[in-house]
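Coordinates from work.cif are shown below (mmCIF, C-alpha atoms).
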```cif
data_my_file
loop_
_atom_site.label_atom_id
_atom_site.label_comp_id
_atom_site.auth_asym_id
_atom_site.auth_seq_id
_atom_site.Cartn_x
_atom_site.Cartn_y
_atom_site.Cartn_z
CA MET A 1 171.43 78.28 -7.83
CA LYS A 2 173.88 77.15 -10.46
CA LEU A 3 171.92 78.10 -13.55
CA LEU A 4 172.84 76.70 -16.94
CA ASN A 5 174.42 78.97 -19.54
CA ASP A 6 173.39 79.59 -23.16
CA SER A 7 175.61 76.82 -24.51
CA GLN A 8 174.27 74.24 -22.05
CA MET A 9 170.68 75.21 -22.81
CA GLN A 10 171.23 74.88 -26.53
CA GLU A 11 172.83 71.48 -26.02
CA PHE A 12 169.79 70.47 -23.96
CA ILE A 13 167.42 71.60 -26.71
CA VAL A 14 169.34 69.50 -29.25
CA ASN A 15 170.30 66.44 -27.21
CA GLY A 16 167.55 66.34 -24.58
CA TYR A 17 169.71 65.95 -21.46
CA VAL A 18 172.26 67.70 -19.27
CA LYS A 19 174.48 66.20 -16.54
CA VAL A 20 175.16 67.96 -13.24
CA ASN A 21 176.70 66.82 -9.96
CA ALA A 22 175.18 67.04 -6.50
CA ALA A 23 178.49 67.47 -4.72
CA PHE A 24 177.68 66.17 -1.26
CA THR A 25 180.19 64.12 0.71
CA PRO A 26 180.70 60.49 -0.33
CA ALA A 27 179.07 59.57 2.99
CA PHE A 28 175.83 61.28 1.93
CA HIS A 29 175.47 59.20 -1.23
CA GLU A 30 176.59 56.02 0.51
CA SER A 31 173.90 56.59 3.12
CA VAL A 32 171.24 56.88 0.41
CA ARG A 33 172.52 53.72 -1.29
CA ALA A 34 172.63 51.76 1.96
CA GLN A 35 169.10 52.82 2.87
CA ALA A 36 167.85 51.82 -0.59
CA GLU A 37 169.57 48.44 -0.18
CA GLU A 38 167.93 47.92 3.20
CA ILE A 39 164.46 48.93 1.95
CA PHE A 40 164.63 46.65 -1.09
CA SER A 41 165.86 43.70 0.96
CA THR A 42 163.17 44.04 3.63
CA THR A 43 159.98 45.64 2.27
CA GLY A 44 160.62 45.83 -1.47
CA ASN A 45 160.47 48.76 -3.84
CA PRO A 46 158.70 51.69 -2.12
CA GLY A 47 157.63 53.25 -5.45
CA ASN A 48 156.27 56.77 -4.95
CA ASP A 49 157.19 56.55 -1.26
CA ILE A 50 160.94 56.54 -1.90
CA LEU A 51 161.17 60.20 -0.82
CA PRO A 52 159.61 59.79 2.65
CA ALA A 53 161.46 56.47 2.98
CA ILE A 54 164.83 58.25 2.48
CA PRO A 55 164.19 61.82 3.71
CA GLN A 56 167.70 63.07 2.92
CA LEU A 57 166.77 62.86 -0.78
CA ALA A 58 165.04 66.18 -0.15
CA ASP A 59 168.50 67.70 0.33
CA LEU A 60 169.54 66.33 -3.06
CA LEU A 61 166.53 67.95 -4.73
CA THR A 62 167.42 71.36 -3.26
CA HIS A 63 171.10 71.18 -4.21
CA PRO A 64 172.08 74.35 -6.16
CA ALA A 65 173.23 72.35 -9.21
CA VAL A 66 169.96 70.42 -9.37
CA THR A 67 167.64 73.38 -8.75
CA GLY A 68 169.69 75.51 -11.13
CA ALA A 69 169.39 73.02 -13.98
CA LEU A 70 165.67 72.45 -13.38
CA THR A 71 164.97 76.18 -13.12
CA SER A 72 166.87 76.77 -16.36
CA ILE A 73 164.87 74.08 -18.17
CA LEU A 74 161.41 74.36 -16.55
CA GLY A 75 161.42 77.94 -15.33
CA PRO A 76 161.13 79.40 -11.83
CA GLY A 77 158.46 77.81 -9.66
CA TYR A 78 158.58 74.38 -11.31
CA ALA A 79 156.87 71.60 -9.33
CA MET A 80 157.88 68.07 -8.44
CA HIS A 81 155.35 65.51 -9.66
CA PRO A 82 154.10 63.00 -7.05
CA HIS A 83 155.41 60.08 -9.11
CA ARG A 84 158.98 59.00 -8.42
CA HIS A 85 160.71 55.64 -8.51
CA CYS A 86 163.87 53.85 -7.38
CA HIS A 87 165.14 51.61 -10.17
CA LEU A 88 167.19 48.58 -9.16
CA THR A 89 169.24 46.72 -11.77
CA PRO A 90 170.48 43.61 -9.96
CA PRO A 91 173.63 41.70 -10.89
CA ARG A 92 173.64 40.12 -14.38
CA GLN A 93 170.22 41.49 -15.27
CA GLU A 94 169.72 42.05 -18.99
CA GLY A 95 169.13 45.58 -20.24
CA GLN A 96 165.81 47.02 -21.36
CA ARG A 97 164.69 48.09 -24.81
CA HIS A 98 164.84 51.80 -25.49
CA HIS A 99 161.53 53.43 -24.62
CA GLN A 100 159.81 56.72 -23.82
CA ASP A 101 158.18 56.92 -20.40
CA SER A 102 154.41 57.15 -20.38
CA TYR A 103 152.88 60.14 -18.63
CA GLU A 104 151.79 58.94 -15.21
CA ASP A 105 148.06 58.16 -15.17
CA ASP A 106 147.59 60.38 -18.21
CA GLN A 107 147.88 60.28 -21.99
CA ASN A 108 149.61 63.44 -23.08
CA VAL A 109 150.78 64.55 -26.50
CA ARG A 110 154.58 64.48 -26.78
CA HIS A 111 155.27 68.16 -27.19
CA HIS A 112 158.57 69.66 -28.36
CA ARG A 113 158.36 72.53 -25.88
CA THR A 114 159.73 71.39 -22.53
CA ARG A 115 157.06 71.36 -19.86
CA TRP A 116 158.09 68.03 -18.32
CA ALA A 117 161.49 66.72 -17.27
CA MET A 118 163.01 63.90 -15.24
CA ALA A 119 166.04 63.70 -12.98
CA PHE A 120 168.09 60.49 -12.83
CA TYR A 121 170.26 60.23 -9.67
CA TYR A 122 172.97 57.68 -8.89
CA PRO A 123 173.70 57.18 -5.16
CA GLN A 124 176.76 55.07 -6.05
CA ASP A 125 179.56 55.17 -8.60
CA VAL A 126 178.32 53.61 -11.85
CA ASN A 127 180.69 52.46 -14.57
CA VAL A 128 179.76 51.09 -17.98
CA GLU A 129 179.81 47.50 -16.66
CA MET A 130 177.13 48.22 -14.04
CA GLY A 131 174.27 48.79 -16.44
CA PRO A 132 173.99 52.58 -16.39
CA THR A 133 171.02 54.36 -17.89
CA SER A 134 171.44 54.71 -21.63
CA VAL A 135 170.01 57.67 -23.55
CA LEU A 136 169.65 58.29 -27.27
CA PRO A 137 170.69 61.94 -27.73
CA ALA A 138 168.33 64.13 -29.81
CA SER A 139 165.65 61.42 -29.80
CA GLN A 140 163.08 63.33 -27.71
CA TYR A 141 161.40 64.77 -30.79
CA TYR A 142 160.63 61.35 -32.31
CA THR A 143 157.78 58.97 -31.58
CA SER A 144 159.26 56.14 -33.66
CA ARG A 145 161.70 53.72 -32.01
CA ASP A 146 163.26 52.99 -35.42
CA GLN A 147 164.02 56.68 -35.89
CA ALA A 148 165.23 57.15 -32.31
CA GLU A 149 167.58 54.18 -32.50
CA LYS A 150 169.42 55.73 -35.42
CA ARG A 151 171.09 57.83 -32.73
CA GLU A 152 174.24 56.51 -31.05
CA GLU A 153 173.45 55.66 -27.45
CA VAL A 154 175.26 57.32 -24.55
CA LEU A 155 175.77 55.42 -21.30
CA LEU A 156 175.32 57.78 -18.35
CA SER A 157 178.10 56.40 -16.16
CA GLY A 158 179.40 58.63 -13.39
CA ASP A 159 180.42 59.06 -9.79
CA ALA A 160 178.01 58.95 -6.88
CA GLY A 161 176.01 62.17 -6.94
CA ALA A 162 175.68 62.29 -10.72
CA VAL A 163 172.29 63.73 -11.71
CA THR A 164 171.07 63.83 -15.29
CA ILE A 165 168.13 66.09 -16.19
CA VAL A 166 166.33 64.80 -19.28
CA HIS A 167 163.49 65.95 -21.52
CA TYR A 168 160.57 63.74 -20.53
CA ASP A 169 160.24 62.27 -24.02
CA LEU A 170 163.90 61.28 -24.45
CA TRP A 171 164.33 57.62 -25.45
CA HIS A 172 166.30 55.74 -22.79
CA ARG A 173 166.81 52.33 -21.17
CA ALA A 174 168.62 50.55 -18.36
CA ALA A 175 171.67 48.79 -19.79
CA THR A 176 172.82 45.29 -18.79
CA ASN A 177 174.46 44.99 -15.38
CA HIS A 178 177.52 42.81 -16.00
CA THR A 179 178.76 43.02 -12.40
CA ASP A 180 177.94 41.30 -9.10
CA ARG A 181 176.67 44.52 -7.51
CA ASN A 182 173.26 46.14 -7.35
CA ARG A 183 172.89 49.33 -9.36
CA TYR A 184 170.39 51.93 -8.06
CA MET A 185 169.01 54.91 -9.94
CA ILE A 186 166.34 57.13 -8.39
CA LYS A 187 164.03 58.96 -10.78
CA PHE A 188 162.03 62.13 -10.08
CA LEU A 189 159.53 63.92 -12.32
CA PHE A 190 159.08 67.70 -12.62
CA CYS A 191 156.56 69.96 -14.34
CA ARG A 192 156.76 73.51 -15.66
CA MET A 193 154.19 75.70 -13.91
CA ALA A 194 154.37 78.87 -16.00
CA GLU A 195 155.12 79.62 -19.64
CA PRO A 196 158.47 81.30 -20.33
CA THR A 197 158.52 85.07 -20.64
CA ALA A 198 162.31 85.43 -20.48
CA PRO A 199 165.32 83.09 -20.18
CA GLY A 200 165.29 81.12 -16.95
CA TRP A 201 169.01 80.38 -17.27
CA HIS A 202 172.11 82.63 -17.17
CA SER A 203 171.73 84.10 -20.65
CA THR A 204 174.24 86.48 -22.20
CA ASN A 205 173.47 85.94 -25.89
CA PRO A 206 169.92 85.41 -27.22
CA SER A 207 171.16 84.21 -30.61
CA TRP A 208 170.93 80.55 -31.58
CA SER A 209 174.37 79.13 -32.31
CA GLU A 210 174.34 76.98 -35.44
CA SER A 211 177.70 75.49 -34.42
CA ALA A 212 176.11 74.04 -31.28
CA ALA A 213 173.72 71.91 -33.30
CA GLY A 214 173.71 69.91 -36.50
CA GLU A 215 171.68 69.78 -39.66
CA GLU A 216 168.92 67.33 -38.71
CA LEU A 217 166.22 69.59 -37.21
CA PRO A 218 167.49 73.19 -37.38
CA ARG A 219 164.06 74.84 -37.73
CA LEU A 220 162.64 72.83 -34.83
CA TRP A 221 165.58 73.64 -32.55
CA ARG A 222 165.44 77.38 -33.32
CA SER A 223 161.69 77.40 -32.70
CA VAL A 224 162.10 75.77 -29.27
CA TRP A 225 164.91 78.22 -28.43
CA ASN A 226 162.70 81.13 -29.45
CA TRP A 227 159.91 79.84 -27.20
CA TYR A 228 162.34 79.51 -24.29
CA LEU A 229 163.32 83.16 -24.74
CA GLY A 230 159.68 84.13 -24.24
CA ASN A 231 159.15 85.11 -27.86
CA GLU A 232 156.64 83.78 -30.36
CA LEU A 233 157.24 83.23 -34.04
CA SER A 234 155.33 85.88 -35.99
CA CYS A 235 153.33 84.67 -38.95
CA GLY A 236 153.80 87.69 -41.18
CA SER A 237 153.53 91.37 -40.36
CA GLN A 238 149.74 91.63 -40.23
CA ASP A 239 147.26 90.15 -37.80
CA ALA A 240 146.26 86.68 -38.93
CA ALA A 241 142.59 87.17 -38.10
CA SER A 242 142.36 90.28 -40.26
CA GLN A 243 144.14 88.51 -43.10
CA MET A 244 141.54 85.73 -43.01
CA ASN A 245 138.74 88.29 -43.42
CA GLY A 246 136.20 85.76 -42.21
CA SER A 247 137.11 83.14 -44.78
CA ALA A 248 139.79 80.51 -45.12
CA VAL A 249 143.02 81.48 -46.86
CA ARG A 250 143.60 79.35 -49.94
CA THR A 251 146.62 77.08 -49.91
CA ASP A 252 149.12 77.43 -52.73
CA ASP A 253 149.93 74.15 -54.42
CA ALA A 254 153.59 74.73 -53.54
CA LEU A 255 152.71 74.78 -49.85
CA ARG A 256 150.59 71.66 -49.72
CA VAL A 257 152.11 69.15 -47.33
CA GLU A 258 152.24 65.55 -48.42
CA SER A 259 153.77 63.43 -45.68
CA ARG A 260 153.73 60.13 -47.54
CA GLY A 261 157.24 58.89 -48.17
CA LEU A 262 158.88 61.44 -45.87
CA SER A 263 160.98 60.31 -42.92
CA GLU A 264 160.05 61.54 -39.45
CA PRO A 265 162.77 64.26 -39.38
CA GLU A 266 161.73 65.38 -42.88
CA GLN A 267 158.13 65.68 -41.73
CA MET A 268 159.23 67.69 -38.70
CA GLU A 269 161.27 70.11 -40.76
CA ASP A 270 158.47 70.44 -43.29
CA VAL A 271 155.87 71.54 -40.75
CA TYR A 272 158.32 73.98 -39.15
CA ARG A 273 159.11 75.32 -42.62
CA LEU A 274 155.40 75.94 -43.17
CA ALA A 275 155.22 77.69 -39.80
CA SER A 276 157.31 80.52 -41.28
CA GLN A 277 155.16 80.92 -44.39
CA GLY A 278 152.51 83.27 -43.03
CA PRO A 279 148.75 82.72 -43.46
CA LYS A 280 149.24 80.45 -46.45
CA GLY A 281 151.40 78.24 -44.27
CA SER A 282 148.68 78.29 -41.61
CA ALA A 283 146.13 77.23 -44.19
CA ALA A 284 148.36 74.42 -45.43
CA LEU A 285 148.99 73.15 -41.91
CA THR A 286 145.28 73.36 -41.02
CA GLU A 287 144.39 71.46 -44.17
CA ARG A 288 146.88 68.75 -43.33
CA LEU A 289 145.77 68.60 -39.70
CA SER A 290 142.18 68.06 -40.81
CA ARG A 291 143.27 65.00 -42.78
CA GLU A 292 145.87 63.75 -40.32
CA ALA A 293 143.59 63.80 -37.26
CA LEU A 294 141.16 61.45 -38.97
CA GLU A 295 143.67 59.32 -40.87
CA LEU A 296 145.75 58.60 -37.74
CA LEU A 297 142.83 58.24 -35.34
CA ASP A 298 142.67 54.44 -35.33
CA HIS A 299 146.47 54.17 -35.10
CA ASN A 300 146.71 56.65 -32.22
CA GLN A 301 143.84 55.05 -30.30
CA ALA A 302 145.35 51.59 -30.71
CA ALA A 303 148.82 52.73 -29.63
CA GLN A 304 149.52 52.38 -25.92
CA HIS A 305 149.74 55.57 -23.82
CA THR A 306 148.96 57.76 -26.86
CA ASN A 307 146.73 60.83 -27.03
CA PRO A 308 144.70 60.87 -30.29
CA SER A 309 146.06 64.38 -30.91
CA GLN A 310 149.63 63.11 -31.48
CA LEU A 311 149.93 64.75 -34.94
CA PHE A 312 152.87 66.15 -36.91
CA SER A 313 151.05 69.20 -38.28
CA GLY A 314 150.23 70.44 -34.80
CA TYR A 315 153.88 71.30 -34.18
CA GLY A 316 153.89 73.79 -37.04
CA LEU A 317 150.71 75.47 -35.82
CA SER A 318 152.12 75.66 -32.27
CA ALA A 319 155.24 77.33 -33.62
CA GLN A 320 153.14 80.03 -35.29
CA GLY A 321 151.81 81.21 -31.96
CA ALA A 322 148.97 83.75 -31.98
CA ALA A 323 148.88 83.77 -35.78
CA ALA A 324 147.54 80.20 -35.82
CA VAL A 325 144.78 80.84 -33.27
CA PRO A 326 142.02 81.88 -35.72
CA TYR A 327 142.58 78.70 -37.71
CA LEU A 328 142.53 76.58 -34.56
CA LEU A 329 139.30 78.19 -33.39
CA GLU A 330 137.70 77.09 -36.64
CA LEU A 331 138.80 73.52 -35.90
CA LEU A 332 137.52 73.81 -32.33
CA ARG A 333 134.02 74.20 -33.84
CA SER A 334 134.36 71.09 -36.02
CA GLU A 335 131.73 68.34 -35.96
CA ASP A 336 134.56 65.79 -35.64
CA TRP A 337 135.81 65.35 -32.08
CA PRO A 338 139.38 64.41 -33.17
CA LEU A 339 139.70 67.85 -34.78
CA ARG A 340 138.29 69.58 -31.72
CA ALA A 341 140.66 67.63 -29.47
CA ALA A 342 143.66 68.46 -31.68
CA ALA A 343 142.77 72.15 -31.76
CA ALA A 344 142.47 72.25 -27.96
CA ASP A 345 145.84 70.55 -27.56
CA ILE A 346 147.62 72.88 -29.98
CA LEU A 347 146.10 75.98 -28.34
CA GLY A 348 147.57 74.71 -25.07
CA ASP A 349 150.96 74.25 -26.72
CA VAL A 350 150.77 77.80 -28.08
CA GLY A 351 150.28 78.88 -24.46
CA ARG A 352 149.94 82.53 -23.45
CA PRO A 353 149.61 83.89 -27.02
CA ALA A 354 146.38 81.86 -27.30
CA GLY A 355 144.71 83.97 -24.63
CA ASN A 356 141.81 85.04 -26.83
CA ALA A 357 140.85 81.37 -27.23
CA VAL A 358 139.99 81.04 -23.52
CA PRO A 359 136.18 81.46 -23.82
CA PHE A 360 136.09 78.79 -26.51
CA LEU A 361 138.27 76.41 -24.52
CA VAL A 362 136.04 76.96 -21.49
CA ASP A 363 133.07 75.89 -23.62
CA SER A 364 135.08 72.81 -24.64
CA LEU A 365 135.21 71.68 -21.03
CA ALA A 366 131.61 70.55 -21.54
CA ASP A 367 132.36 68.62 -24.74
CA ASP A 368 130.98 65.09 -25.09
CA SER A 369 134.48 63.80 -25.85
CA GLU A 370 136.74 63.13 -22.88
CA TRP A 371 139.74 63.85 -25.13
CA VAL A 372 138.47 67.33 -25.94
CA ARG A 373 137.82 67.99 -22.25
CA ARG A 374 141.23 66.64 -21.27
CA ASN A 375 143.14 68.72 -23.82
CA ALA A 376 141.10 71.85 -23.11
CA ALA A 377 141.70 71.50 -19.36
CA GLU A 378 145.45 71.24 -19.92
CA ALA A 379 145.41 74.16 -22.37
CA LEU A 380 143.74 76.51 -19.90
CA GLY A 381 146.47 75.82 -17.36
CA ASN A 382 149.24 76.56 -19.86
CA ILE A 383 147.52 79.80 -20.84
CA GLY A 384 147.07 80.62 -17.15
CA SER A 385 143.43 81.58 -17.41
CA ALA A 386 141.86 82.83 -14.17
CA GLU A 387 138.62 83.19 -16.16
CA SER A 388 138.39 79.40 -16.42
CA VAL A 389 138.67 78.64 -12.69
CA PRO A 390 134.94 78.01 -11.98
CA GLN A 391 134.62 75.61 -14.89
CA LEU A 392 137.87 73.79 -14.06
CA ALA A 393 136.69 73.48 -10.44
CA ARG A 394 133.41 71.94 -11.61
CA LEU A 395 135.28 69.54 -13.89
CA LEU A 396 137.52 68.53 -11.01
CA VAL A 397 134.65 67.19 -8.89
CA LYS A 398 132.10 66.21 -11.54
CA ASP A 399 133.93 64.64 -14.50
CA SER A 400 133.78 60.86 -14.72
CA CYS A 401 137.17 60.58 -16.46
CA HIS A 402 140.15 60.48 -14.11
CA PHE A 403 142.65 61.99 -16.54
CA VAL A 404 140.30 64.91 -17.16
CA ARG A 405 140.15 65.52 -13.39
CA HIS A 406 143.92 65.01 -13.21
CA ASN A 407 144.51 67.83 -15.73
CA ALA A 408 141.88 70.11 -14.22
CA ALA A 409 143.71 69.92 -10.88
CA LEU A 410 147.11 70.51 -12.45
CA SER A 411 145.82 73.50 -14.40
CA LEU A 412 144.39 75.02 -11.22
CA ALA A 413 147.85 74.56 -9.70
CA LYS A 414 149.40 76.41 -12.63
CA ILE A 415 146.89 79.25 -12.28
CA GLY A 416 147.93 79.44 -8.62
CA ARG A 417 146.70 82.27 -6.43
CA ASP A 418 144.11 83.34 -8.98
CA ALA A 419 142.45 79.93 -8.52
CA ASP A 420 141.41 80.69 -4.93
CA ALA A 421 137.73 80.33 -5.87
CA ALA A 422 138.39 76.65 -6.56
CA SER A 423 139.65 75.94 -3.02
CA SER A 424 136.45 74.19 -1.95
CA SER A 425 136.51 71.88 -4.97
CA LEU A 426 140.19 71.20 -4.44
CA GLN A 427 139.52 70.24 -0.83
CA LYS A 428 136.91 67.75 -2.04
CA ALA A 429 139.38 66.40 -4.57
CA LEU A 430 141.73 65.43 -1.74
CA ASP A 431 139.36 62.46 -1.31
CA ASP A 432 139.34 61.52 -5.00
CA THR A 433 139.74 57.82 -5.77
CA ASN A 434 142.71 58.62 -8.02
CA LEU A 435 146.13 59.25 -6.43
CA TYR A 436 147.32 61.83 -8.95
CA VAL A 437 144.08 63.82 -8.81
CA ARG A 438 144.54 64.00 -5.04
CA GLU A 439 148.19 64.98 -5.27
CA ASN A 440 147.62 67.62 -7.98
CA ALA A 441 144.80 69.06 -5.87
CA ARG A 442 147.18 69.22 -2.90
CA LEU A 443 149.75 70.99 -5.09
CA ALA A 444 147.12 73.48 -6.28
CA LEU A 445 146.06 74.32 -2.72
CA ALA A 446 149.67 74.85 -1.71
CA ARG A 447 150.27 77.20 -4.65
CA ILE A 448 147.05 79.13 -4.03
CA HIS A 449 148.10 79.82 -0.46
CA MET A 450 151.78 80.53 -1.12
CA GLU A 451 153.10 83.55 0.78
#
```

For the structure just supplied, provide its representation as structure tokens.
Amino acid sequence: MKLLNDSQMQEFIVNGYVKVNAAFTPAFHESVRAQAEEIFSTTGNPGNDILPAIPQLADLLTHPAVTGALTSILGPGYAMHPHRHCHLTPPRQEGQRHHQDSYEDDQNVRHHRTRWAMAFYYPQDVNVEMGPTSVLPASQYYTSRDQAEKREEVLLSGDAGAVTIVHYDLWHRAATNHTDRNRYMIKFLFCRMAEPTAPGWHSTNPSWSESAAGEELPRLWRSVWNWYLGNELSCGSQDAASQMNGSAVRTDDALRVESRGLSEPEQMEDVYRLASQGPKGSAALTERLSREALELLDHNQAAQHTNPSQLFSGYGLSAQGAAAVPYLLELLRSEDWPLRAAAADILGDVGRPAGNAVPFLVDSLADDSEWVRRNAAEALGNIGSAESVPQLARLLVKDSCHFVRHNAALSLAKIGRDADAASSSLQKALDDTNLYVRENARLALARIHME
């Protein structure tokens, strides 16, 4: 594999994309383009079936440059999601608005830590007149279009075989095709299957290079880099649970977070600043989260494709790692379901260092709120909890909510061989009414029985 290097990884963390080239012969890419043209002209867009419709795309996805970039970004053992799509921009078609893709048949929080990515592939040469995909560099950390569009767009023109790997949340669009030719771009989705314990790229220097970035989100970028290295940000030198001594740590007035009037990047930097302030920072972030989860509830529920736990303060608590877990466990016992859902989501974003939260997350799989169950199911997969397999298996076949079942199946896939006890439930899920539940169950069975 052609793994990325430290500089390329840091550029990805900042800008949210990296370009590689699948250097097959021109005839290979022309064959893909011609087959796409034939399929669209006869049967129409094949949607998820583009891969079986053009089998040689499998060779593209195993090209050393493509697998190397994906392994660097998503870690060894990443999985291809069952959703994929061939985008056709016909002649003279107007461009799209910039947007973030929704999570297929799910409503996920937009996390800063990269567990999802997309690959954009051109089977023909694409110049700026043909309506190439446009990306807004460094926009993946923003949920606001106004904030994202302050970035200068980059048109991803390139020769046939150009592949761009992007952070799933990067703002992008198809530009206007000013020519008389069809422009094809084939999109694939990929998912991280295990939390990082060491660099997945060719790393020679674990230090973050300030010269590789800018001044907009330095704390956020360093935190993501630290997570990629397999480290967690320590919240002081003592154990956070012992510092709490069974009672909440009081928040200094100087550490209280007031988000009103702050821009989105200022809010991001503020919560990451608090993440480095020890238990008092944890207390301040928890206090803000308790307000934010309720204040933004109506907005988040009204917004399309939005998880109610899409909250600024959660990023700071995620960055604190194990030190934030005692505070999050308090929220997991809240009478308010939005706080329980947010706590479950953040524990999942913390990942492996939240291991001692597993019994409490398992209990949350029986919560009355589908959002708590959904976020807890995802969290247990990120943590990699074999202890949770029986309860996830039950959720997979019993829960009435399809995106809860969807995440239960994906988490069993992440747990892998240790989820063998769920095989019977996964077999039943192959007949689920929902496509992505079926496909995630198929992925889980394949990973359980890997040699």

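Excluding segment 296-310 of chain A itself and any same-chain residue fewer than 3 positions from it, the protein and nucleic acid residues within 9 Å of it, counting only C-alpha atoms, are Ser102, Tyr103, Asp106, Gln107, Asn108, Val109, Arg110, His111, Arg291, Glu292, Ala293, Gly314, Pro338, Leu339, Ala341, Ala342, Ala343, Asp345, Ile346, Trp371 and Asn375 of chain A.
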
What's around Leu396 of chain A at 12 Å? Count all atoms listed in the file, leave out sequence neighbours fewer than 4 positions away in its own chain, and write the answer as an mmCIF file with C-alpha atoms, keeping the file's coordinate frame.
```cif
data_model
loop_
_atom_site.group_PDB
_atom_site.id
_atom_site.type_symbol
_atom_site.label_atom_id
_atom_site.label_comp_id
_atom_site.auth_asym_id
_atom_site.auth_seq_id
_atom_site.Cartn_x
_atom_site.Cartn_y
_atom_site.Cartn_z
ATOM 1 C CA LEU A 365 135.210 71.680 -21.030
ATOM 2 C CA ARG A 373 137.820 67.990 -22.250
ATOM 3 C CA ARG A 374 141.230 66.640 -21.270
ATOM 4 C CA ALA A 377 141.700 71.500 -19.360
ATOM 5 C CA VAL A 389 138.670 78.640 -12.690
ATOM 6 C CA PRO A 390 134.940 78.010 -11.980
ATOM 7 C CA GLN A 391 134.620 75.610 -14.890
ATOM 8 C CA LEU A 392 137.870 73.790 -14.060
ATOM 9 C CA SER A 400 133.780 60.860 -14.720
ATOM 10 C CA CYS A 401 137.170 60.580 -16.460
ATOM 11 C CA HIS A 402 140.150 60.480 -14.110
ATOM 12 C CA PHE A 403 142.650 61.990 -16.540
ATOM 13 C CA VAL A 404 140.300 64.910 -17.160
ATOM 14 C CA ARG A 405 140.150 65.520 -13.390
ATOM 15 C CA HIS A 406 143.920 65.010 -13.210
ATOM 16 C CA ASN A 407 144.510 67.830 -15.730
ATOM 17 C CA ALA A 408 141.880 70.110 -14.220
ATOM 18 C CA ALA A 409 143.710 69.920 -10.880
ATOM 19 C CA LEU A 410 147.110 70.510 -12.450
ATOM 20 C CA SER A 411 145.820 73.500 -14.400
ATOM 21 C CA LEU A 412 144.390 75.020 -11.220
ATOM 22 C CA ALA A 422 138.390 76.650 -6.560
ATOM 23 C CA SER A 423 139.650 75.940 -3.020
ATOM 24 C CA SER A 424 136.450 74.190 -1.950
ATOM 25 C CA SER A 425 136.510 71.880 -4.970
ATOM 26 C CA LEU A 426 140.190 71.200 -4.440
ATOM 27 C CA GLN A 427 139.520 70.240 -0.830
ATOM 28 C CA LYS A 428 136.910 67.750 -2.040
ATOM 29 C CA ALA A 429 139.380 66.400 -4.570
ATOM 30 C CA LEU A 430 141.730 65.430 -1.740
ATOM 31 C CA ASP A 431 139.360 62.460 -1.310
ATOM 32 C CA ASP A 432 139.340 61.520 -5.000
ATOM 33 C CA ASN A 434 142.710 58.620 -8.020
ATOM 34 C CA VAL A 437 144.080 63.820 -8.810
ATOM 35 C CA ARG A 438 144.540 64.000 -5.040
ATOM 36 C CA ASN A 440 147.620 67.620 -7.980
ATOM 37 C CA ALA A 441 144.800 69.060 -5.870
ATOM 38 C CA ALA A 444 147.120 73.480 -6.280
#
```

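The shortest atom-to-atom distance to Ile13 of chain A, with only C-alpha atoms taken into account, belongs to A:Arg222 out of A:Arg222, A:Gln93, A:Asp418, A:Leu70.
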
To one decimal place, how far is atom CA of Tyr121 of chain A from atom CA of Thr42 of chain A in Å? 22.1 Å

Can you tell me which residues surround segment 190-193 of chain A at a distance of at most 10 Å, considering only C-alpha atoms, apart from same-chain residues fewer than 3 positions away, and format the answer as a compact mmCIF listing (two decimals) with C-alpha atoms, in the coordinates of the input?
```
# COMPACT_ATOMS: atom_id res chain seq x y z
CA LEU A 70 165.67 72.45 -13.38
CA THR A 71 164.97 76.18 -13.12
CA ILE A 73 164.87 74.08 -18.17
CA LEU A 74 161.41 74.36 -16.55
CA GLY A 75 161.42 77.94 -15.33
CA PRO A 76 161.13 79.40 -11.83
CA GLY A 77 158.46 77.81 -9.66
CA TYR A 78 158.58 74.38 -11.31
CA ALA A 79 156.87 71.60 -9.33
CA MET A 80 157.88 68.07 -8.44
CA HIS A 81 155.35 65.51 -9.66
CA PRO A 82 154.10 63.00 -7.05
CA HIS A 83 155.41 60.08 -9.11
CA ARG A 84 158.98 59.00 -8.42
CA THR A 114 159.73 71.39 -22.53
CA ARG A 115 157.06 71.36 -19.86
CA TRP A 116 158.09 68.03 -18.32
CA ALA A 117 161.49 66.72 -17.27
CA MET A 118 163.01 63.90 -15.24
CA ALA A 119 166.04 63.70 -12.98
CA ILE A 165 168.13 66.09 -16.19
CA TYR A 168 160.57 63.74 -20.53
CA PRO A 196 158.47 81.30 -20.33
CA GLY A 381 146.47 75.82 -17.36
CA ASN A 382 149.24 76.56 -19.86
CA GLY A 384 147.07 80.62 -17.15
CA LEU A 410 147.11 70.51 -12.45
CA SER A 411 145.82 73.50 -14.40
CA ALA A 413 147.85 74.56 -9.70
CA LYS A 414 149.40 76.41 -12.63
CA ILE A 415 146.89 79.25 -12.28
CA GLY A 416 147.93 79.44 -8.62
```

Box for segment 354-362 of chain A: with edges along x, y and z, all listed atoms inside and 5 Å added on each side, what are the centre and edge lengths in Å to one decimal, as JSON?
```
{"center_x": 141.2, "center_y": 80.7, "center_z": -24.4, "size_x": 20.3, "size_y": 18.6, "size_z": 15.8}
```

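Of the listed residues A:His112, A:His85, A:Arg183, A:His99, the one whose atoms come nearest to Ser318 of chain A is A:His112, with distances taken using all atoms listed in the file.
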
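One finds atom CA of Leu3 of chain A at 14.7 Å from atom CA of Asn205 of chain A.
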
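Atom CA of Leu445 of chain A lies 27.6 Å from atom CA of Asp101 of chain A.
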
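The closest residue to Ser7 of chain A, picked from A:Ser139, A:Ser223, A:Ser72, A:Asn356 and counting all atoms listed in the file, is A:Ser72.
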